[in-house]
file entry-v5.cif (mmCIF, C-alpha atoms)
data_upload
#
loop_
_atom_site.label_atom_id
_atom_site.label_comp_id
_atom_site.auth_asym_id
_atom_site.auth_seq_id
_atom_site.Cartn_x
_atom_site.Cartn_y
_atom_site.Cartn_z
CA MET A 9 -7.75 38.33 11.09
CA LYS A 10 -10.00 37.19 8.33
CA SER A 11 -11.84 33.97 9.11
CA ARG A 12 -13.10 31.80 6.29
CA TRP A 13 -14.41 28.32 5.59
CA LYS A 14 -15.35 26.76 2.29
CA PRO A 15 -16.37 23.28 1.17
CA ALA A 16 -13.52 21.77 -0.80
CA TRP A 17 -11.38 18.66 -0.58
CA MET A 18 -8.38 17.43 1.30
CA GLY A 19 -5.77 20.04 2.22
CA VAL A 20 -8.17 22.91 1.50
CA ALA A 21 -11.14 22.53 3.75
CA ILE A 22 -13.26 19.41 3.75
CA ASN A 23 -12.70 15.73 3.10
CA LEU A 24 -15.41 13.08 3.17
CA ILE A 25 -14.41 9.43 2.87
CA PRO A 26 -17.32 7.04 3.40
CA VAL A 27 -16.52 3.34 3.57
CA ILE A 28 -19.14 1.53 1.55
CA ALA A 29 -19.29 -2.19 0.84
CA VAL A 30 -19.35 -1.79 -2.94
CA VAL A 31 -15.66 -0.88 -2.79
CA GLN A 32 -14.38 -3.34 -0.20
CA ILE A 33 -16.84 -6.20 -0.02
CA GLY A 34 -17.64 -7.50 3.42
CA PHE A 35 -15.65 -7.78 6.58
CA GLY A 36 -15.03 -11.50 6.97
CA GLN A 37 -13.22 -12.43 10.15
CA GLY A 38 -11.55 -15.55 8.87
CA GLY A 39 -8.03 -16.15 10.02
CA LEU A 40 -5.73 -19.11 9.88
CA PRO A 41 -3.15 -19.90 12.54
CA GLY A 42 -0.13 -18.32 10.92
CA GLY A 43 -1.70 -18.06 7.49
CA ALA A 44 -2.24 -14.97 5.42
CA ALA A 45 -4.95 -13.43 7.56
CA SER A 46 -3.32 -13.98 10.91
CA THR A 47 0.00 -12.63 9.68
CA GLY A 48 -1.61 -9.48 8.43
CA VAL A 49 -0.94 -9.78 4.71
CA THR A 50 -1.83 -6.37 3.38
CA ALA A 51 -3.25 -4.98 0.21
CA SER A 52 0.27 -4.16 -0.88
CA GLY A 53 1.86 -7.45 0.05
CA ARG A 54 5.53 -6.44 0.43
CA MET A 55 7.17 -8.24 3.31
CA THR A 56 8.86 -5.31 4.95
CA PRO A 57 9.25 -2.98 6.81
CA GLY A 58 6.39 -4.33 8.85
CA VAL A 59 2.95 -3.18 9.82
CA LEU A 60 1.48 -4.10 13.17
CA ALA A 61 -1.90 -5.43 12.20
CA PRO A 62 -4.78 -5.15 14.69
CA GLU A 63 -4.95 -8.80 15.71
CA THR A 64 -1.33 -9.90 15.61
CA MET A 65 2.18 -8.63 15.92
CA ILE A 66 3.47 -10.41 12.81
CA SER A 67 2.50 -8.80 9.52
CA GLU A 68 3.76 -8.19 6.04
CA SER A 69 3.64 -4.62 4.72
CA THR A 70 6.00 -1.75 4.23
CA ILE A 71 5.09 0.85 6.79
CA PRO A 72 5.36 0.65 10.58
CA GLY A 73 2.25 1.79 12.35
CA ALA A 74 -0.34 1.11 9.69
CA VAL A 75 -3.43 -0.70 10.93
CA THR A 76 -4.02 -2.83 7.86
CA GLN A 77 -6.66 -5.44 7.37
CA GLY A 78 -5.32 -7.31 4.35
CA VAL A 79 -7.41 -10.26 3.22
CA ARG A 80 -9.60 -9.96 6.32
CA ASN A 81 -11.64 -7.33 4.47
CA GLN A 82 -13.19 -9.84 2.14
CA LEU A 83 -16.40 -11.64 1.42
CA ILE A 84 -15.92 -15.16 2.74
CA ILE A 85 -16.94 -17.59 0.01
CA ASP A 86 -16.17 -20.85 1.79
CA SER A 87 -14.68 -21.87 5.12
CA GLN A 88 -13.97 -25.42 6.21
CA GLU A 89 -12.30 -26.69 9.36
CA GLY A 90 -11.46 -30.23 10.42
CA SER A 91 -9.18 -32.18 12.70
CA ARG A 92 -6.24 -31.73 10.34
CA GLY A 93 -6.62 -28.04 9.62
CA ARG A 94 -8.64 -25.33 7.96
CA MET A 95 -9.25 -23.87 4.49
CA GLU A 96 -10.85 -20.56 3.61
CA SER A 97 -11.50 -18.67 0.37
CA GLY A 98 -12.74 -15.14 -0.19
CA LEU A 99 -13.38 -12.28 -2.59
CA SER A 100 -12.24 -8.65 -2.23
CA MET A 101 -12.05 -5.49 -4.35
CA HIS A 102 -10.40 -2.10 -4.38
CA TYR A 103 -10.46 0.96 -6.63
CA ASN A 104 -7.70 3.48 -7.39
CA ARG A 105 -6.38 5.64 -10.20
CA VAL A 106 -3.76 3.16 -11.47
CA ASP A 107 -5.70 -0.12 -11.31
CA GLY A 108 -9.22 1.13 -11.72
CA LEU A 109 -11.43 -1.62 -10.34
CA TYR A 110 -9.38 -4.53 -8.99
CA VAL A 111 -11.12 -7.82 -8.16
CA GLN A 112 -9.24 -10.49 -6.23
CA LEU A 113 -9.79 -14.07 -5.08
CA GLY A 114 -7.87 -15.41 -2.10
CA LEU A 115 -7.25 -18.88 -0.66
CA GLU A 116 -5.74 -19.79 2.70
CA THR A 117 -5.02 -23.19 4.15
CA ALA A 118 -3.45 -24.27 7.43
CA TRP A 119 -2.65 -27.84 8.47
CA LYS A 120 -2.18 -29.07 12.01
CA GLN A 121 -1.19 -32.58 10.90
CA PRO A 122 1.26 -33.95 9.96
CA ALA A 123 2.96 -30.54 10.45
CA LEU A 124 2.07 -26.94 11.24
CA LEU A 125 2.12 -25.82 7.62
CA GLY A 126 0.21 -23.14 5.76
CA PHE A 127 -0.27 -22.04 2.17
CA PHE A 128 -1.90 -18.84 0.99
CA GLY A 129 -2.48 -17.29 -2.38
CA ARG A 130 -4.37 -14.37 -3.81
CA GLY A 131 -4.71 -13.10 -7.31
CA GLY A 132 -6.82 -10.74 -9.32
CA TYR A 133 -7.18 -8.49 -12.32
CA ALA A 134 -6.84 -4.68 -12.57
CA PHE A 135 -9.35 -3.69 -15.25
CA LYS A 136 -7.92 -0.26 -16.11
CA GLY A 137 -4.33 -1.26 -15.44
CA GLU A 138 -4.98 -4.27 -17.70
CA ALA A 139 -2.75 -6.45 -15.56
CA TRP A 140 -2.94 -9.55 -13.41
CA ARG A 141 -1.57 -9.30 -9.86
CA TYR A 142 -0.84 -12.14 -7.44
CA GLU A 143 0.89 -13.29 -4.27
CA ILE A 144 1.60 -16.85 -3.14
CA GLY A 145 3.35 -18.03 0.00
CA LEU A 146 4.20 -20.98 2.19
CA GLU A 147 4.81 -20.95 5.97
CA ARG A 148 6.04 -23.53 8.47
CA TRP A 149 5.54 -22.98 12.22
CA PHE A 150 7.40 -24.32 15.22
CA GLN A 151 6.44 -23.94 18.87
CA LEU A 152 9.59 -23.64 20.98
CA GLY A 153 8.43 -23.19 24.56
CA PRO A 154 6.75 -19.77 24.85
CA ALA A 155 7.98 -18.72 21.39
CA ARG A 156 6.44 -19.44 18.03
CA VAL A 157 8.88 -19.42 15.13
CA THR A 158 7.65 -19.07 11.54
CA LEU A 159 9.68 -19.74 8.40
CA GLY A 160 8.13 -18.21 5.30
CA VAL A 161 8.68 -17.79 1.59
CA ARG A 162 6.55 -15.83 -0.84
CA ASN A 163 6.51 -14.59 -4.40
CA TYR A 164 4.49 -11.58 -5.59
CA ASP A 165 3.68 -9.15 -8.39
CA LEU A 166 1.51 -6.42 -6.88
CA THR A 167 0.40 -2.82 -7.01
CA HIS A 168 2.05 -1.47 -3.88
CA SER A 169 1.84 1.73 -1.84
CA GLU A 170 4.02 3.09 0.95
CA ASP A 171 1.04 5.09 2.24
CA GLU A 172 -1.03 2.50 4.09
CA TRP A 173 0.01 4.00 7.41
CA LEU A 174 -1.99 7.12 6.49
CA LEU A 175 -5.35 5.44 5.90
CA PRO A 176 -6.65 1.92 5.22
CA MET A 177 -7.01 0.67 1.67
CA GLU A 178 -10.80 0.39 1.87
CA GLU A 179 -11.16 3.99 3.04
CA ASN A 180 -8.99 5.22 0.19
CA SER A 181 -10.91 3.05 -2.29
CA ALA A 182 -14.18 4.64 -1.27
CA ALA A 183 -12.76 8.15 -1.70
CA ALA A 184 -11.50 7.26 -5.18
CA PHE A 185 -14.67 5.45 -6.28
CA PHE A 186 -17.14 8.05 -5.09
CA PHE A 187 -15.30 11.40 -5.05
CA ARG A 188 -12.23 11.09 -7.32
CA GLU A 189 -9.81 11.49 -4.42
CA ASP A 190 -6.93 9.01 -4.25
CA PHE A 191 -4.58 9.73 -1.33
CA MET A 192 -2.05 6.99 -2.04
CA ASP A 193 0.82 6.77 -4.52
CA TYR A 194 1.68 3.45 -6.15
CA TYR A 195 4.36 1.41 -7.86
CA ARG A 196 4.61 -2.13 -9.16
CA LEU A 197 6.40 -4.46 -6.78
CA ILE A 198 7.77 -7.72 -8.15
CA GLY A 199 9.79 -10.02 -5.97
CA THR A 200 10.49 -12.89 -3.62
CA SER A 201 11.02 -12.85 0.14
CA LEU A 202 12.42 -15.25 2.73
CA SER A 203 11.63 -14.62 6.38
CA ILE A 204 12.05 -15.87 9.93
CA ASP A 205 9.60 -14.55 12.53
CA THR A 206 9.67 -15.14 16.27
CA GLU A 207 6.71 -14.25 18.48
CA LEU A 208 7.11 -14.41 22.26
CA TYR A 209 4.06 -14.28 24.57
CA ARG A 210 2.21 -12.29 21.84
CA ARG A 211 4.02 -9.22 23.17
CA LEU A 212 7.45 -9.22 21.58
CA THR A 213 8.19 -10.08 17.97
CA VAL A 214 11.38 -10.21 15.95
CA GLN A 215 11.47 -10.57 12.18
CA LEU A 216 14.42 -11.13 9.88
CA ALA A 217 13.69 -11.04 6.15
CA TYR A 218 15.65 -11.09 2.90
CA LEU A 219 13.92 -9.32 0.00
CA LEU A 220 14.62 -9.60 -3.70
CA ASP A 221 12.41 -6.84 -5.15
CA GLU A 222 12.07 -4.89 -8.35
CA HIS A 223 10.21 -1.57 -8.56
CA GLU A 224 8.43 -0.22 -11.65
CA SER A 225 6.43 2.98 -12.24
CA LEU A 226 2.67 2.90 -12.76
CA LYS A 227 0.67 5.55 -14.61
CA ARG A 228 -2.75 6.95 -13.88
CA ARG A 229 -5.14 4.84 -15.95
CA THR A 230 -8.56 6.21 -15.08
CA ASN A 231 -10.28 9.47 -14.29
CA TRP A 232 -13.71 8.03 -13.48
CA SER A 233 -15.63 8.26 -10.22
CA LEU A 234 -19.30 8.20 -9.33
CA PHE A 235 -19.18 11.86 -8.31
CA GLY A 236 -16.54 14.55 -8.68
CA GLY A 237 -17.65 16.69 -11.64
CA ASP A 238 -14.71 18.05 -13.67
CA LYS A 239 -12.14 17.12 -11.05
CA LYS A 240 -9.22 14.93 -12.13
CA PHE A 241 -7.17 12.35 -10.28
CA ARG A 242 -3.59 13.34 -9.53
CA GLU A 243 -0.93 11.87 -11.75
CA ASN A 244 0.81 8.94 -10.07
CA PRO A 245 4.45 9.96 -9.50
CA PRO A 246 7.21 8.00 -11.26
CA VAL A 247 9.61 5.90 -9.18
CA MET A 248 13.24 4.83 -9.43
CA GLU A 249 12.95 1.64 -11.45
CA GLU A 250 15.67 -0.44 -9.84
CA LYS A 251 16.29 -3.83 -8.29
CA VAL A 252 16.25 -3.52 -4.50
CA TYR A 253 17.79 -6.44 -2.61
CA SER A 254 17.66 -5.85 1.11
CA LEU A 255 17.87 -7.32 4.59
CA LEU A 256 15.25 -6.22 7.07
CA ILE A 257 15.11 -6.45 10.84
CA ARG A 258 11.91 -5.59 12.67
CA LEU A 259 11.26 -5.44 16.41
CA GLY A 260 7.74 -5.09 17.80
CA TYR A 261 6.42 -4.67 21.34
CA ASP A 262 2.69 -4.61 22.07
CA THR A 263 0.98 -4.35 25.47
CA ARG A 264 -2.31 -2.78 24.32
CA ASP A 265 -5.39 -3.90 26.22
CA ASP A 266 -7.44 -3.96 23.01
CA PHE A 267 -6.30 -4.13 19.39
CA MET A 268 -9.04 -1.95 17.88
CA GLU A 269 -10.03 0.32 20.79
CA PRO A 270 -6.94 0.56 23.04
CA ALA A 271 -7.38 2.38 26.34
CA GLY A 272 -4.00 1.45 27.84
CA GLY A 273 -0.61 0.05 26.96
CA PHE A 274 2.23 0.52 24.48
CA LEU A 275 2.66 -0.28 20.80
CA ILE A 276 6.24 0.17 19.59
CA GLU A 277 7.76 -0.92 16.30
CA THR A 278 11.27 -0.40 14.99
CA VAL A 279 12.20 -1.33 11.44
CA TYR A 280 15.72 -1.25 9.98
CA GLU A 281 16.36 -2.04 6.33
CA LYS A 282 19.73 -2.34 4.60
CA ALA A 283 19.91 -2.61 0.80
CA GLY A 284 22.80 -3.14 -1.59
CA GLY A 285 26.42 -3.82 -0.75
CA GLY A 286 27.00 -7.52 -0.43
CA LEU A 287 23.26 -8.13 -0.70
CA GLY A 288 23.25 -7.27 -4.38
CA GLY A 289 20.74 -5.17 -6.26
CA GLU A 290 21.20 -1.77 -7.87
CA LEU A 291 20.72 0.56 -4.89
CA ASP A 292 22.71 0.95 -1.69
CA PHE A 293 20.86 2.54 1.22
CA GLU A 294 19.72 2.21 4.82
CA ARG A 295 16.35 3.16 6.27
CA LEU A 296 15.21 3.28 9.90
CA LEU A 297 11.63 3.86 11.05
CA VAL A 298 10.34 4.02 14.62
CA ASP A 299 6.63 4.20 15.45
CA ALA A 300 5.87 4.43 19.19
CA ARG A 301 2.39 4.79 20.69
CA ARG A 302 1.22 5.17 24.26
CA TYR A 303 -2.39 4.80 25.41
CA ILE A 304 -3.06 6.21 28.88
CA TYR A 305 -6.22 5.34 30.83
CA LEU A 306 -7.27 8.24 33.06
CA THR A 307 -10.87 7.51 34.05
CA ARG A 308 -13.74 5.50 32.65
CA HIS A 309 -14.51 8.35 30.27
CA GLU A 310 -11.05 9.82 29.62
CA ASN A 311 -7.98 8.66 27.72
CA ILE A 312 -4.82 10.21 26.34
CA ASP A 313 -3.35 8.80 23.12
CA LEU A 314 0.20 9.67 22.03
CA ARG A 315 2.19 8.79 18.91
CA LEU A 316 5.80 9.56 17.95
CA ARG A 317 7.03 8.58 14.51
CA VAL A 318 10.63 9.11 13.37
CA GLY A 319 12.21 8.22 10.04
CA THR A 320 15.74 8.55 8.71
CA SER A 321 17.78 7.17 5.82
CA ALA A 322 21.29 7.05 4.41
CA GLY A 323 22.63 6.39 0.94
CA ASP A 324 20.66 6.46 -2.33
CA MET A 325 17.21 5.56 -1.00
CA PRO A 326 14.66 5.56 -3.88
CA VAL A 327 12.21 8.44 -3.99
CA GLN A 328 9.23 6.10 -3.58
CA MET A 329 10.52 5.19 -0.11
CA ALA A 330 11.21 8.79 1.01
CA PHE A 331 9.26 10.42 3.85
CA ASP A 332 6.15 12.58 3.39
CA LEU A 333 4.04 14.63 5.80
CA GLY A 334 0.80 16.55 5.62
CA GLY A 335 -2.91 15.85 5.66
CA LEU A 336 -4.76 12.65 6.43
CA GLY A 337 -3.17 10.41 9.05
CA SER A 338 -0.15 12.60 9.70
CA LEU A 339 -0.01 16.41 10.08
CA ARG A 340 -3.68 17.27 9.99
CA GLY A 341 -4.78 20.67 8.73
CA TYR A 342 -2.07 20.80 6.06
CA LYS A 343 -2.40 19.87 2.41
CA HIS A 344 -2.04 16.24 1.41
CA LYS A 345 1.70 15.41 1.34
CA GLU A 346 2.54 19.12 1.48
CA PHE A 347 6.05 18.12 2.60
CA ARG A 348 7.26 15.23 0.46
CA ASP A 349 10.35 13.30 -0.67
CA PHE A 350 12.62 14.00 2.31
CA ASN A 351 15.22 11.81 4.01
CA ARG A 352 14.33 12.79 7.60
CA MET A 353 10.97 13.00 9.36
CA ILE A 354 9.56 13.58 12.85
CA LEU A 355 5.83 13.42 13.64
CA GLY A 356 4.04 13.74 16.97
CA ASN A 357 0.30 13.40 17.67
CA LEU A 358 -1.58 13.90 20.93
CA GLU A 359 -5.29 13.22 21.47
CA TYR A 360 -7.38 13.65 24.63
CA ARG A 361 -10.50 11.47 24.38
CA ILE A 362 -13.50 12.50 26.48
CA GLY A 363 -16.62 10.34 26.57
CA ILE A 364 -19.77 12.45 26.76
CA GLY A 365 -22.56 9.90 26.42
CA ARG A 366 -23.51 6.39 25.41
CA VAL A 367 -26.09 5.16 22.91
CA SER A 368 -27.36 1.58 22.90
CA SER A 369 -27.55 0.80 19.21
CA GLY A 370 -25.91 -1.65 16.85
CA TRP A 371 -23.68 0.97 15.23
CA ILE A 372 -23.11 3.90 17.59
CA GLU A 373 -21.75 2.88 20.98
CA ASP A 374 -20.85 6.22 22.55
CA TYR A 375 -19.98 9.80 21.74
CA GLN A 376 -16.53 11.28 22.26
CA VAL A 377 -15.07 14.76 22.02
CA ILE A 378 -11.37 14.66 21.13
CA PRO A 379 -9.14 17.75 21.29
CA PHE A 380 -5.87 17.02 19.47
CA TYR A 381 -2.50 18.56 18.64
CA ASP A 382 -0.09 17.60 15.84
CA LEU A 383 3.49 18.63 15.21
CA GLY A 384 5.96 17.51 12.59
CA LEU A 385 8.90 18.27 10.37
CA ALA A 386 10.26 16.66 7.21
CA TRP A 387 13.64 17.79 5.87
CA ASN A 388 16.77 16.74 4.02
CA SER A 389 20.06 16.18 5.77
CA ASN A 390 23.12 17.26 3.79
CA ASP A 391 25.00 14.32 5.26
CA THR A 392 23.49 11.27 3.55
CA GLY A 393 26.16 8.89 4.81
CA SER A 394 24.75 8.46 8.32
CA LEU A 395 21.36 7.65 9.83
CA THR A 396 21.98 9.88 12.85
CA ALA A 397 23.26 12.99 11.05
CA GLY A 398 21.03 15.99 10.41
CA PHE A 399 18.88 15.95 13.53
CA ASP A 400 20.62 19.09 14.75
CA GLN A 401 18.65 20.88 12.03
CA VAL A 402 15.44 20.42 14.07
CA ARG A 403 14.52 23.78 15.61
CA ALA A 404 11.31 24.99 17.20
CA ASP A 405 10.79 27.69 14.57
CA ARG A 406 10.89 25.08 11.76
CA ILE A 407 8.38 22.63 13.25
CA LYS A 408 4.90 22.70 11.73
CA THR A 409 1.94 22.46 14.13
CA SER A 410 -1.83 22.19 14.05
CA VAL A 411 -4.62 22.01 16.60
CA GLY A 412 -8.13 20.70 16.33
CA ILE A 413 -11.12 18.96 17.82
CA GLY A 414 -12.79 15.73 16.78
CA PHE A 415 -16.30 14.38 17.31
CA SER A 416 -16.51 10.60 17.25
CA THR A 417 -19.19 7.93 17.62
CA GLY A 418 -16.91 5.61 19.58
CA ALA A 419 -13.41 4.62 20.64
CA ASP A 420 -12.85 2.91 17.29
CA ASP A 421 -13.65 6.18 15.41
CA ARG A 422 -16.21 4.40 13.28
CA LEU A 423 -17.45 7.84 12.31
CA ARG A 424 -15.38 10.88 13.21
CA VAL A 425 -15.47 14.53 12.14
CA ASN A 426 -12.31 16.62 12.66
CA LEU A 427 -12.01 20.42 12.63
CA THR A 428 -8.35 21.40 12.30
CA ARG A 429 -6.44 24.68 12.17
CA ARG A 430 -2.83 24.84 11.00
CA LEU A 431 -0.88 27.25 13.20
CA ASP A 432 1.74 28.53 10.76
CA ASP A 433 -0.80 30.41 8.61
CA ARG A 434 -3.97 31.56 10.31
CA ASP A 435 -5.41 32.78 6.99
CA GLU A 436 -5.66 29.21 5.72
CA PRO A 437 -9.23 27.87 5.88
CA LEU A 438 -10.37 25.55 8.62
CA ALA A 439 -9.89 21.93 7.52
CA VAL A 440 -12.93 19.69 7.98
CA THR A 441 -12.34 15.96 7.55
CA VAL A 442 -14.55 12.93 8.00
CA ARG A 443 -12.89 9.61 8.87
CA PHE A 444 -14.03 6.06 9.52
CA HIS A 445 -10.91 4.65 11.19
CA ARG A 446 -8.54 5.62 13.98
CA ILE A 447 -5.30 7.08 12.70
CA PHE A 448 -3.37 5.48 15.57
#

call {"tool": "encode", "arguments": {"input": "entry-v5.cif", "output": "structure tokens"}}
result
Amino acid sequence: MKSRWKPAWMGVAINLIPVIAVVQIGFGQGGLPGGAASTGVTASGRMTPGVLAPETMISESTIPGAVTQGVRNQLIIDSQEGSRGRMESGLSMHYNRVDGLYVQLGLETAWKQPALLGFFGRGGYAFKGEAWRYEIGLERWFQLGPARVTLGVRNYDLTHSEDEWLLPMEENSAAAFFFREDFMDYYRLIGTSLSIDTELYRRLTVQLAYLLDEHESLKRRTNWSLFGGDKKFRENPPVMEEKVYSLLIRLGYDTRDDFMEPAGGFLIETVYEKAGGGLGGELDFERLLVDARRYIYLTRHENIDLRLRVGTSAGDMPVQMAFDLGGLGSLRGYKHKEFRDFNRMILGNLEYRIGIGRVSSGWIEDYQVIPFYDLGLAWNSNDTGSLTAGFDQVRADRIKTSVGIGFSTGADDRLRVNLTRRLDDRDEPLAVTVRFHRIF
């Protein structure tokens, strides 16, 4: 068998994505009790289906399992706290092929008196997209015994992506800014949401939300990056431009012992969304996503991490909400979104973390060697009238697999190099990727 390796980009051989502060300024740790930071408002802003953010169960994005930072990744301009509450403002940026450089200001307030009430807003300008984007919201909290109930309303006009579960916004921004690699696809999201969230013992959460959204296509507006030579950004795919009115139910269960570097526990999220029918809008569909993770502590220097992600839909789900697999954050070793626009998906990831040494420095904490194995399948069911139909099409000979080994500077994968081999075609080159965040 011919063995080969060549330096190229994602899906071919090598992918380097440095996170540098010029793209996402600062890492402010401000957070208001129930305000935008503590509820995990993401760079996309859509209420649902949810994302379990690293420091709370309640969050506001579209993809289960994404570890999003939202307005936490910002330069804190001002922070004030008193007996009645707290106010915080900040600045953040991102860069992609539809907005170009986007600069945003955010404001969060939370009052303890006379009521547990919070307001948050963020807005900015996309210089290449030549458009203003914003989100504003109001929340009211109630403590009912061990449960905290939050009523929320928000209005937004944002550049949104369904791909934040694959990699964080700041990591993607750095790839686009420096190397002309944008791994996300985007559409304009305009709408209003009403929500009720219940959080019990910070372990179990239930969210019910009603969404009145409108989707619009966005075109590629720039082909500039600091490096990249003659390479061009991918075209941004068009979307079904429809009004999507939906009801969403999300259940979350979190027993992790650490939000950023879990060594034990479960993280499970189930999101069901129903659009159309008596809810109104122009599309009628259902979508179900389950993201389940298990972190197993073996010894002081050994851990096993597992993830199972399953997606299914019924009805006329828009193409921008279909399921994709391949490449960063999903089926490693394959090309980016090699399998795209399907109505069924199964993904499994297994990692065995082995600590091999510790360094006492401010940035590198320890070294880890991480053998891993991925498997997945994305396909279309002929029966689009049921969420459960079509899973009999899953056969061992259809499942795509890859194997690899990672070298990391710590349990948070602050710097990690992966070597991955896809197993369906041994003549494909070895994929070398560099990451700065855990994928799960």

call {"tool": "residues_around", "arguments": {"input": "entry-v5.cif", "residues": "stretch 379-387 of chain A", "least_positions_apart": "6", "cutoff": "10 Å", "atoms": "only C-alpha atoms", "output": "PyMOL selection string"}}
result
chain A and resi 312-320+331-334+338-341+346-362+398-399+401-404+406-415+426-431

call {"tool": "closest_residue", "arguments": {"input": "entry-v5.cif", "among": "A:Ile304, A:Thr200, A:Val214, A:Asp324", "to": "A:Tyr280", "atoms": "all atoms listed in the file"}}
result
A:Val214

call {"tool": "residues_around", "arguments": {"input": "entry-v5.cif", "residues": "stretch 111-118 of chain A", "least_positions_apart": "2", "cutoff": "7 Å", "atoms": "all atoms listed in the file", "output": "number ranges by chain"}}
result
A: 40-41, 43-44, 93-102, 109, 120, 125-134

call {"tool": "residues_around", "arguments": {"input": "entry-v5.cif", "residues": "A:Asp265", "least_positions_apart": "6", "cutoff": "10 Å", "atoms": "all atoms listed in the file", "output": "short mmCIF file (atom, residue, chain, number, x, y, z; two decimals) with C-alpha atoms, keeping the file's coordinate frame"}}
result
data_model
loop_
_atom_site.label_atom_id
_atom_site.label_comp_id
_atom_site.auth_asym_id
_atom_site.auth_seq_id
_atom_site.Cartn_x
_atom_site.Cartn_y
_atom_site.Cartn_z
CA ALA A 271 -7.38 2.38 26.34
CA GLY A 272 -4.00 1.45 27.84
CA GLY A 273 -0.61 0.05 26.96
CA PHE A 274 2.23 0.52 24.48
CA TYR A 303 -2.39 4.80 25.41
#

call {"tool": "closest_residue", "arguments": {"input": "entry-v5.cif", "among": "A:Arg308, A:Arg141, A:Lys343, A:Arg424", "to": "A:Glu436", "atoms": "all atoms listed in the file"}}
result
A:Lys343

call {"tool": "residues_around", "arguments": {"input": "entry-v5.cif", "residues": "A:Gln151", "least_positions_apart": "6", "cutoff": "10 Å", "atoms": "only C-alpha atoms", "output": "PyMOL selection string"}}
result
chain A and resi 124+157-158+206-207

call {"tool": "write_last_selection", "arguments": {"input": "entry-v5.cif", "atoms": "C-alpha atoms", "output": "short mmCIF file (atom, residue, chain, number, x, y, z; two decimals), in the frame of the given file"}}
result
data_model
loop_
_atom_site.label_atom_id
_atom_site.label_comp_id
_atom_site.auth_asym_id
_atom_site.auth_seq_id
_atom_site.Cartn_x
_atom_site.Cartn_y
_atom_site.Cartn_z
CA LEU A 124 2.07 -26.94 11.24
CA VAL A 157 8.88 -19.42 15.13
CA THR A 158 7.65 -19.07 11.54
CA THR A 206 9.67 -15.14 16.27
CA GLU A 207 6.71 -14.25 18.48
#

call {"tool": "resolve_selection", "arguments": {"input": "entry-v5.cif", "expression": "the PyMOL selection byres ((chain A and resi 255) around 8)", "output": "JSON, numbers by chain"}}
result
{"A": [216, 217, 218, 219, 253, 254, 256, 257, 281, 282, 283, 287]}

call {"tool": "resolve_selection", "arguments": {"input": "entry-v5.cif", "expression": "the PyMOL selection byres ((chain A and resi 220) around 12)", "output": "compact mmCIF listing (two decimals) with C-alpha atoms, in the frame of the given file"}}
result
# COMPACT_ATOMS: atom_id res chain seq x y z
CA ARG A 54 5.53 -6.44 0.43
CA MET A 55 7.17 -8.24 3.31
CA THR A 56 8.86 -5.31 4.95
CA VAL A 161 8.68 -17.79 1.59
CA ARG A 162 6.55 -15.83 -0.84
CA ASN A 163 6.51 -14.59 -4.40
CA TYR A 164 4.49 -11.58 -5.59
CA ASP A 165 3.68 -9.15 -8.39
CA LEU A 197 6.40 -4.46 -6.78
CA ILE A 198 7.77 -7.72 -8.15
CA GLY A 199 9.79 -10.02 -5.97
CA THR A 200 10.49 -12.89 -3.62
CA SER A 201 11.02 -12.85 0.14
CA LEU A 202 12.42 -15.25 2.73
CA SER A 203 11.63 -14.62 6.38
CA ALA A 217 13.69 -11.04 6.15
CA TYR A 218 15.65 -11.09 2.90
CA LEU A 219 13.92 -9.32 0.00
CA ASP A 221 12.41 -6.84 -5.15
CA GLU A 222 12.07 -4.89 -8.35
CA HIS A 223 10.21 -1.57 -8.56
CA GLU A 250 15.67 -0.44 -9.84
CA LYS A 251 16.29 -3.83 -8.29
CA VAL A 252 16.25 -3.52 -4.50
CA TYR A 253 17.79 -6.44 -2.61
CA SER A 254 17.66 -5.85 1.11
CA LEU A 255 17.87 -7.32 4.59
CA LEU A 256 15.25 -6.22 7.07
CA ALA A 283 19.91 -2.61 0.80
CA GLY A 284 22.80 -3.14 -1.59
CA LEU A 287 23.26 -8.13 -0.70
CA GLY A 288 23.25 -7.27 -4.38
CA GLY A 289 20.74 -5.17 -6.26
CA GLU A 290 21.20 -1.77 -7.87
CA LEU A 291 20.72 0.56 -4.89

call {"tool": "resolve_selection", "arguments": {"input": "entry-v5.cif", "expression": "the PyMOL selection byres ((chain A and resi 248) around 8)", "output": "PDB file with C-alpha atoms, in the frame of the given file"}}
result
ATOM      1  CA  HIS A 223      10.210  -1.570  -8.560  1.00  0.00           C
ATOM      2  CA  GLU A 224       8.430  -0.220 -11.650  1.00  0.00           C
ATOM      3  CA  SER A 225       6.430   2.980 -12.240  1.00  0.00           C
ATOM      4  CA  PRO A 246       7.210   8.000 -11.260  1.00  0.00           C
ATOM      5  CA  VAL A 247       9.610   5.900  -9.180  1.00  0.00           C
ATOM      6  CA  GLU A 249      12.950   1.640 -11.450  1.00  0.00           C
ATOM      7  CA  GLU A 250      15.670  -0.440  -9.840  1.00  0.00           C
ATOM      8  CA  PRO A 326      14.660   5.560  -3.880  1.00  0.00           C
ATOM      9  CA  VAL A 327      12.210   8.440  -3.990  1.00  0.00           C
ATOM     10  CA  GLN A 328       9.230   6.100  -3.580  1.00  0.00           C
TER      11      GLN A 328
END

call {"tool": "atom_distance", "arguments": {"input": "entry-v5.cif", "atom1": "atom CA of A:Asp433", "atom2": "atom CA of A:Leu336"}}
result
18.3 Å

call {"tool": "atom_distance", "arguments": {"input": "entry-v5.cif", "atom1": "atom CA of A:Glu243", "atom2": "atom CA of A:Gly335"}}
result
18.0 Å

call {"tool": "atom_distance", "arguments": {"input": "entry-v5.cif", "atom1": "atom CA of A:Glu269", "atom2": "atom CA of A:Asn311"}}
result
11.0 Å
